Structure formats: structure tokens, C-alpha cells
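Engineer: Below you will find the structure I want to go over with you.
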Amino acid sequence: MPKPIIDVIIPAYNEELSIGLVLKDIPNTAVREVIVCNNNSSDNTANVAESAGATVVHEPTPGYGNACLKGMEHVRNKEIKPDIIVFLDGDYSDHPEELTKIVQPIIEDDVDLVIGSRALGNLEKGSMMPQQVFGNWLATTLIKLIYNVTFSDLGPFRAVKYNALLKIDMQDKTFGWTVEMQVKAAKLKLNCREVPVTYRKRIGVSKVSGTIKGTILAGHKILWTIFKLI
């Protein structure tokens with residue numbers, strides 16, 4: 001089997017302190033291109049990412065999903081499309097060197113979507129707020145009840161076949177991105193799997209769980225997305 005073409009998409013908003021570390025730890029021999037989607041950062045994120053060898057695209061409209069969609073647009077315009085897209089956050093909470101473990105079920109077992117599960121893996125104390133843990137539990141429980149597909153996490157570190165990603169037809173522009181992908185994959189009866197990943201305290205303050213407003217907005221959007229897609 002020929003070596004798969006893997007591109008990495010990293011949404012990033014004000015991550016100048018962490019993005020260089022993320023890029024350094026990505027196994028370069030495994031990936032073709034790393035695309036950092038600069039989401040209207042007011043710091044030096046874009047320059048740091050470019051200096052570290054990433055392709056930087058700019059999405060001025062705020063929103064996690066907006067940034068990811070900009071990265072997908074960049075990939076869509078490439079003459080040779082990837083076989084696999086990996087999504088990874090830019091805050092250094094994930095361990096980028098685990099990318100090879102994330103893509104392995106796709107390469108070896110023809111899985112469509114792989115979620116890096118923090119719930120199944122090694123979670124550093126304090127790396128997830130209680131509201132995040134509860135929100136993940138509630139969302140994955142609802143997905144199980146409604147769609148009869150078992151997930152343990154909505155973790156951002158994930159890999160998906162490019163053709164499957166096109167079928168999923170991602171639309172969400174903000175906090176519902178991860179759950180939309182999983183719910184649509186469940187509805188399409190795609191072959192999904194989780195692998196345990198290691199998770200540590202992020203560098204800087206979370207734009208979601210770091211504020212009460214962000215937590216409420218994200219929780220509302222996740223639940224709204226689950227029920228909207230029924």
C-alpha cells in the first residue's frame with residue numbers, strides 16, 4: 001500500500017506562545033503539509049507559524065469552525081488531494097507526536113473517522129475543567145441515545161479520510177464543529193473509532209472553558225447542534 005498523503009489543519013487564535021511547539025512536535029515525515037488557520041489573531045501567531053515551516057492561511061471572521069473551513073478550502077484548491085486530514089489544536093494541550101497513532105486505524109483498518117479520546121487516555125490533572133468533562137459526557141451520551149453510536153469524547157485531535165470529510169459536508173462555524181462531525185458521521189454510518197490520547201494543560205487561557213460566557217455558549221451550541229441534526 002502506498003504511503004498516504006496526510007495534511008494537518010490547525011485552527012489558531014492568539015497562540016504565539018504555543019504554535020511553534022505544536023509544529024515542532026508534528027512528525028514531519030508523516031505529513032505533506034501543515035496548514036495553520038490564523039483566526040484573526042492580534043498577536044504574532046501567523047509569523048511564528050510561518051517561521052516554523054507551516055502554511056498560514058488567514059480567516060478574519062472569528063470562530064473555530066470558520067478557521068477549520070478556511071483550512072479545508074486551502075486543501076480543496078490543491079491539485080493533488082490528501083488521503084487523510086488531521087485536525088489538531090494550536091494550544092499544545094494535545095501531543096502532536098501522537099499523530100501516527102491517530103491515523104493508524106485509517107491506514108491499517110480502513111476506518112473513516114478517528115477521534116483522539118482524552119477520556120480513554122492519560123488526562124493531566126487540571127487539563128480539562130469540570131464543565132468540559134461534564135459537557136463531553138452529556139454530548140456523547142446523547143449521541144449514543146439518539147444515533148446509537150458510542151463516543152467517549154469530542155476531542156479536537158482527530159483524523160478523517162478526505163473523501164469521508166467531503167461526505168460529512170461540514171458547515172458549523174463556531175463551537176459546534178467537533179460534535180457536528182461526529183453526529184454526521186454517525187448518521188452516515190461511517191466507520192468510526194476512538195484511540196486514547198494524552199492531554200495536558202494548555203498554554204494560555206482557553207477561549208471556551210476559560211470564561212463563563214465561553215463555556216455557556218459552547219455548551220449551548222453543542223447541544224443545539226446534536227438536536228438540530230436529528
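FYI, nothing fancy with the C-alpha cells labels: chains A, B, ... in order, residues from 1 per chain, ligands from 1 as they appear.
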Using only C-alpha atoms, which protein or nucleic acid residues come within 7 Å of stretch 61-74 of chain A? Drop anything in the same chain fewer than 3 positions from it, and give the result as an MDAnalysis selection string.
Structural biologist: chainID A and resid 9 11 35 37 39:40 77:78 172:175 177
Engineer: With N, CA and C atoms retained, write the just-selected residues as a short mmCIF file (atom, residue, chain, number, x, y, z; two decimals), in the first residue's frame.
Structural biologist:
data_model
loop_
_atom_site.label_atom_id
_atom_site.label_comp_id
_atom_site.auth_asym_id
_atom_site.auth_seq_id
_atom_site.Cartn_x
_atom_site.Cartn_y
_atom_site.Cartn_z
N ILE A 9 -4.57 20.33 9.63
CA ILE A 9 -5.21 21.64 9.75
C ILE A 9 -5.24 22.04 11.23
N PRO A 11 -6.52 25.18 13.56
CA PRO A 11 -7.12 26.50 13.80
C PRO A 11 -6.37 27.17 14.94
N ILE A 35 -1.22 23.18 7.77
CA ILE A 35 -1.89 24.45 7.48
C ILE A 35 -2.36 25.05 8.79
N CYS A 37 -4.45 27.92 10.43
CA CYS A 37 -5.53 28.83 10.04
C CYS A 37 -5.58 29.96 11.07
N ASN A 39 -6.88 32.77 12.90
CA ASN A 39 -8.27 33.21 13.05
C ASN A 39 -8.33 34.60 13.71
N ASN A 40 -7.87 35.60 12.96
CA ASN A 40 -7.94 37.00 13.40
C ASN A 40 -7.12 37.23 14.67
N ASN A 77 -8.28 23.40 -2.92
CA ASN A 77 -7.70 24.05 -4.09
C ASN A 77 -6.39 23.41 -4.54
N LYS A 78 -5.93 22.40 -3.83
CA LYS A 78 -4.70 21.73 -4.22
C LYS A 78 -4.96 20.76 -5.37
N ASP A 172 -20.61 23.95 10.36
CA ASP A 172 -20.58 24.76 11.58
C ASP A 172 -19.40 25.72 11.58
N LYS A 173 -19.66 26.93 12.07
CA LYS A 173 -18.64 27.98 12.02
C LYS A 173 -18.06 28.33 13.39
N THR A 174 -18.61 27.72 14.45
CA THR A 174 -18.11 28.10 15.77
C THR A 174 -17.84 26.87 16.63
N PHE A 175 -18.49 26.79 17.79
CA PHE A 175 -18.16 25.77 18.78
C PHE A 175 -18.74 24.39 18.48
N TRP A 177 -18.32 22.56 15.85
CA TRP A 177 -17.56 21.88 14.80
C TRP A 177 -17.32 20.40 15.10
#
Engineer: If you take only C-alpha atoms and a cut-off of 10 Å, which residues of stretch 15-116 of chain A touch stretch 139-156 of chain A, and what are their nearest atom pairs and distances in Å to one decimal, in chain and number order, as a Markdown table?
Structural biologist:
| residue | atom | partner | partner_atom | distance |
| --- | --- | --- | --- | --- |
| A:Val86 | CA | A:Pro156 | CA | 9.6 |
| A:Phe87 | CA | A:Pro156 | CA | 6.7 |
| A:Leu88 | CA | A:Pro156 | CA | 6.0 |
| A:Asp89 | CA | A:Pro156 | CA | 6.4 |
| A:Asp94 | CA | A:Pro156 | CA | 8.5 |
| A:Ile115 | CA | A:Gly155 | CA | 6.5 |
| A:Gly116 | CA | A:Gly155 | CA | 5.9 |
Engineer: For C-alpha atoms, I'd like the residues from the last selection saved as a PDB file, in the first residue's frame.
Structural biologist:
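Full text of selection.pdb as output:
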ATOM      1  CA  VAL A  86      -5.782  15.560  10.690  1.00  0.00           C
ATOM      2  CA  PHE A  87      -7.280  18.302  12.866  1.00  0.00           C
ATOM      3  CA  LEU A  88      -5.204  19.479  15.803  1.00  0.00           C
ATOM      4  CA  ASP A  89      -5.469  22.443  18.180  1.00  0.00           C
ATOM      5  CA  ASP A  94      -2.603  17.654  22.632  1.00  0.00           C
ATOM      6  CA  ILE A 115     -11.278  10.598  17.426  1.00  0.00           C
ATOM      7  CA  GLY A 116      -8.414  11.060  19.844  1.00  0.00           C
TER       8      GLY A 116
END
Engineer: I'd like the contact shell of A:Ser51 - 12 Å cut-off, only C-alpha atoms, skipping same-chain residues fewer than 3 positions apart - returned as a VMD selection string.
Structural biologist: chain A and resid 16 19 to 21 23 to 24 36 44 to 48 54 to 56
Engineer: Those residues with C-alpha atoms, as an mmCIF file, in the first residue's frame please?
Structural biologist:
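out24.cif written:
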data_model
loop_
_atom_site.group_PDB
_atom_site.id
_atom_site.type_symbol
_atom_site.label_atom_id
_atom_site.label_comp_id
_atom_site.auth_asym_id
_atom_site.auth_seq_id
_atom_site.Cartn_x
_atom_site.Cartn_y
_atom_site.Cartn_z
ATOM 1 C CA GLU A 16 2.043 32.630 19.500
ATOM 2 C CA ILE A 19 2.107 27.182 17.994
ATOM 3 C CA GLY A 20 5.856 26.779 17.490
ATOM 4 C CA LEU A 21 5.914 23.901 19.984
ATOM 5 C CA LEU A 23 4.622 22.447 14.874
ATOM 6 C CA LYS A 24 7.962 21.189 16.195
ATOM 7 C CA VAL A 36 -2.253 26.925 10.328
ATOM 8 C CA ASN A 44 2.357 37.043 16.426
ATOM 9 C CA THR A 45 0.756 33.633 15.768
ATOM 10 C CA ALA A 46 0.985 33.843 11.977
ATOM 11 C CA ASN A 47 4.657 34.856 11.875
ATOM 12 C CA VAL A 48 5.697 32.199 14.392
ATOM 13 C CA ALA A 54 3.711 25.883 8.287
ATOM 14 C CA THR A 55 1.499 27.189 5.516
ATOM 15 C CA VAL A 56 -0.519 30.056 7.018
#
Engineer: Go through A:Leu17, A:Ile85, A:Met181, A:Ala52 and flag the residue nearest A:Arg32, using only C-alpha atoms for the distances.
Structural biologist: A:Ile85
Engineer: List the spatial neighbours of stretch 127-130 of chain A as a list of chain:residue names - criterion: any atom at most 7 Å away, only C-alpha atoms, same-chain residues fewer than 5 positions off excluded.
Structural biologist: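 These residues fall inside the cut-off: A:Tyr199, A:Arg200, A:Lys201, A:Arg202, A:Ser209.
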Engineer: Hey, can you spit out that residue selection with N, CA and C atoms as a tab-separated table (two decimals), in the first residue's frame?
Structural biologist:
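Saved the output as part-v5.tsv:
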chain	number	residue	atom	x	y	z
A	199	TYR	N	-3.31	14.19	27.19
A	199	TYR	CA	-3.78	15.57	27.18
A	199	TYR	C	-3.19	16.31	28.37
A	200	ARG	N	-2.67	17.51	28.12
A	200	ARG	CA	-2.02	18.28	29.18
A	200	ARG	C	-2.63	19.68	29.26
A	201	LYS	N	-2.25	20.42	30.29
A	201	LYS	CA	-2.71	21.79	30.43
A	201	LYS	C	-2.25	22.61	29.23
A	202	ARG	N	-3.16	23.36	28.67
A	202	ARG	CA	-2.84	24.17	27.51
A	202	ARG	C	-1.95	25.35	27.91
A	209	SER	N	-13.44	27.22	27.66
A	209	SER	CA	-13.62	26.89	29.07
A	209	SER	C	-12.98	27.90	30.01
Engineer: Counting only C-alpha atoms, what are the residues of stretch 79-148 of chain A within 8 Å of stretch 184-191 of chain A, and for each of them which pair of atoms is the nearest and at what distance in Å, to one decimal? Sort the table by chain and rising number, as a Markdown table.
Structural biologist:
| residue | atom | partner | partner_atom | distance |
| --- | --- | --- | --- | --- |
| A:Val111 | CA | A:Asn191 | CA | 5.2 |
| A:Asp112 | CA | A:Asn191 | CA | 5.1 |
| A:Leu113 | CA | A:Asn191 | CA | 6.5 |
| A:Tyr147 | CA | A:Ala186 | CA | 6.4 |
Engineer: Those same residues, written as a compact mmCIF listing (two decimals), in the first residue's frame with C-alpha atoms?
Structural biologist:
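Writing the result to again-v8.txt gives the following:
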# COMPACT_ATOMS: atom_id res chain seq x y z
CA VAL A 111 -11.64 3.38 9.35
CA ASP A 112 -13.29 6.62 8.16
CA LEU A 113 -13.02 8.81 11.27
CA TYR A 147 -27.81 7.73 16.98
Engineer: How many Å separate atom CA of A:Ala159 from atom CA of A:Ser42?
Structural biologist: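 Computed distance, atom CA of A:Ala159 to atom CA of A:Ser42, equals 28.7 Å.
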Engineer: Which one is closest to A:Val22: A:Pro105, A:Gly53, A:Pro60, A:Pro4? Count only C-alpha atoms.
Structural biologist: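 Under the stated criterion, the closest residue is A:Gly53.
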Engineer: Compare A:Glu124, A:Glu108, A:Glu97, A:Asp83 by their minimum atom-to-atom distance to A:Val160, counting only C-alpha atoms, and give me the closest one.
Structural biologist: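 Using only C-alpha atoms, the shortest distance to A:Val160 belongs to A:Asp83.
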Engineer: Pull the strand (DSSP E) assignments for chain A out of DSSP run on the backbone, and list those residues as an MDAnalysis selection string.
Structural biologist: chainID A and resid 6:12 33:38 55:58 84:87 113:123 158:161 192:199
Engineer: Determine, counting only C-alpha atoms, which protein, DNA and RNA residues have an atom within 6 Å of an atom of stretch 194-198 of chain A; residues of the same chain fewer than 4 positions away are not included. Present the result as an MDAnalysis selection string.
Structural biologist: chainID A and resid 114:118 120:123
Engineer: Name the residues of chain A that come out as helix (DSSP H, G or I) in a backbone DSSP run; write them as a PyMOL selection string.
Structural biologist: chain A and resi 19-25+28-30+45-51+64-76+96-109+130-147+162-168+177-187+212-228
Engineer: Go ahead and save the residues from that selection, with C-alpha atoms, as a short mmCIF file (atom, residue, chain, number, x, y, z; two decimals), in the first residue's frame.
Structural biologist:
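Now in part_37.cif:
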data_model
loop_
_atom_site.label_atom_id
_atom_site.label_comp_id
_atom_site.auth_asym_id
_atom_site.auth_seq_id
_atom_site.Cartn_x
_atom_site.Cartn_y
_atom_site.Cartn_z
CA ILE A 19 2.11 27.18 17.99
CA GLY A 20 5.86 26.78 17.49
CA LEU A 21 5.91 23.90 19.98
CA VAL A 22 2.97 22.23 18.27
CA LEU A 23 4.62 22.45 14.87
CA LYS A 24 7.96 21.19 16.19
CA ASP A 25 6.36 18.03 17.59
CA ASN A 28 7.23 15.77 9.64
CA THR A 29 7.97 12.56 7.79
CA ALA A 30 4.33 11.50 8.16
CA THR A 45 0.76 33.63 15.77
CA ALA A 46 0.99 33.84 11.98
CA ASN A 47 4.66 34.86 11.87
CA VAL A 48 5.70 32.20 14.39
CA ALA A 49 3.82 29.52 12.44
CA GLU A 50 5.31 30.60 9.13
CA SER A 51 8.81 30.68 10.59
CA TYR A 64 -13.32 27.69 15.43
CA GLY A 65 -15.34 26.26 12.57
CA ASN A 66 -14.59 29.25 10.35
CA ALA A 67 -10.88 28.63 10.81
CA CYS A 68 -11.21 24.92 10.03
CA LEU A 69 -13.31 25.66 6.93
CA LYS A 70 -10.62 28.05 5.69
CA GLY A 71 -8.08 25.26 6.03
CA MET A 72 -10.35 22.89 4.11
CA GLU A 73 -10.73 25.49 1.37
CA HIS A 74 -6.95 25.61 1.03
CA VAL A 75 -6.80 21.82 0.72
CA ARG A 76 -9.66 21.75 -1.76
CA PRO A 96 1.25 16.20 18.20
CA GLU A 97 3.70 13.28 18.16
CA GLU A 98 0.68 11.01 18.67
CA LEU A 99 -0.46 11.82 15.12
CA THR A 100 0.82 8.48 13.88
CA LYS A 101 -1.39 6.72 16.42
CA ILE A 102 -4.41 8.79 15.33
CA VAL A 103 -4.08 7.92 11.65
CA GLN A 104 -3.15 4.25 12.14
CA PRO A 105 -6.75 2.86 12.16
CA ILE A 106 -7.44 4.63 8.86
CA ILE A 107 -4.30 3.27 7.23
CA GLU A 108 -4.47 -0.27 8.61
CA ASP A 109 -8.20 -0.92 9.13
CA PRO A 130 -15.16 20.03 35.27
CA GLN A 131 -17.63 21.70 32.91
CA GLN A 132 -15.69 20.30 29.94
CA VAL A 133 -15.74 16.79 31.35
CA PHE A 134 -19.47 17.00 32.07
CA GLY A 135 -20.22 18.56 28.68
CA ASN A 136 -18.38 15.79 26.87
CA TRP A 137 -20.20 13.15 28.88
CA LEU A 138 -23.60 14.72 28.19
CA ALA A 139 -22.97 15.21 24.48
CA THR A 140 -21.62 11.70 23.90
CA THR A 141 -24.45 10.18 25.95
CA LEU A 142 -27.00 11.99 23.77
CA ILE A 143 -25.24 10.80 20.60
CA LYS A 144 -25.43 7.23 21.92
CA LEU A 145 -29.13 7.56 22.79
CA ILE A 146 -30.16 9.25 19.55
CA TYR A 147 -27.81 7.73 16.98
CA TYR A 162 -10.63 13.20 2.95
CA ASN A 163 -13.45 11.59 0.94
CA ALA A 164 -15.39 10.95 4.16
CA LEU A 165 -14.91 14.57 5.21
CA LEU A 166 -16.45 15.70 1.93
CA LYS A 167 -19.45 13.42 2.54
CA ILE A 168 -19.88 14.84 6.04
CA TRP A 177 -17.56 21.88 14.80
CA THR A 178 -16.40 18.72 16.56
CA VAL A 179 -19.84 17.44 17.51
CA GLU A 180 -21.22 18.16 14.02
CA MET A 181 -18.53 15.96 12.51
CA GLN A 182 -19.28 13.11 14.88
CA VAL A 183 -23.07 13.33 14.61
CA LYS A 184 -23.00 13.46 10.81
CA ALA A 185 -20.54 10.58 10.70
CA ALA A 186 -22.94 8.59 12.89
CA LYS A 187 -25.91 9.44 10.66
CA ILE A 212 -18.12 31.52 31.98
CA LYS A 213 -19.55 33.10 28.84
CA GLY A 214 -17.43 30.89 26.58
CA THR A 215 -18.44 27.76 28.49
CA ILE A 216 -22.16 28.58 28.29
CA LEU A 217 -22.03 29.48 24.60
CA ALA A 218 -20.07 26.35 23.71
CA GLY A 219 -22.37 24.09 25.73
CA HIS A 220 -25.47 25.60 24.16
CA LYS A 221 -24.05 25.28 20.65
CA ILE A 222 -23.03 21.65 21.15
CA LEU A 223 -26.46 20.61 22.40
CA TRP A 224 -28.23 22.68 19.74
CA THR A 225 -26.13 21.01 17.04
CA ILE A 226 -26.94 17.50 18.28
CA PHE A 227 -30.70 18.10 18.22
CA LYS A 228 -30.66 20.17 15.03
#
Engineer: What gap, in Å, lies between atom CA of A:Asp169 and atom CA of A:Leu229?
Structural biologist: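 Separating atom CA of A:Asp169 from atom CA of A:Leu229 is a distance of 12.5 Å.
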Engineer: When you draw a straight line from atom CA of A:Val34 to atom CA of A:Ile84, how long is it in Å?
Structural biologist: 12.2 Å
Engineer: Smallest atom-to-atom distance to A:Val8: which of A:Gly204, A:Ile230, A:Lys161, A:Ser93, using only C-alpha atoms?
Structural biologist: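 Checking each candidate against A:Val8, we get A:Lys161 as the closest.
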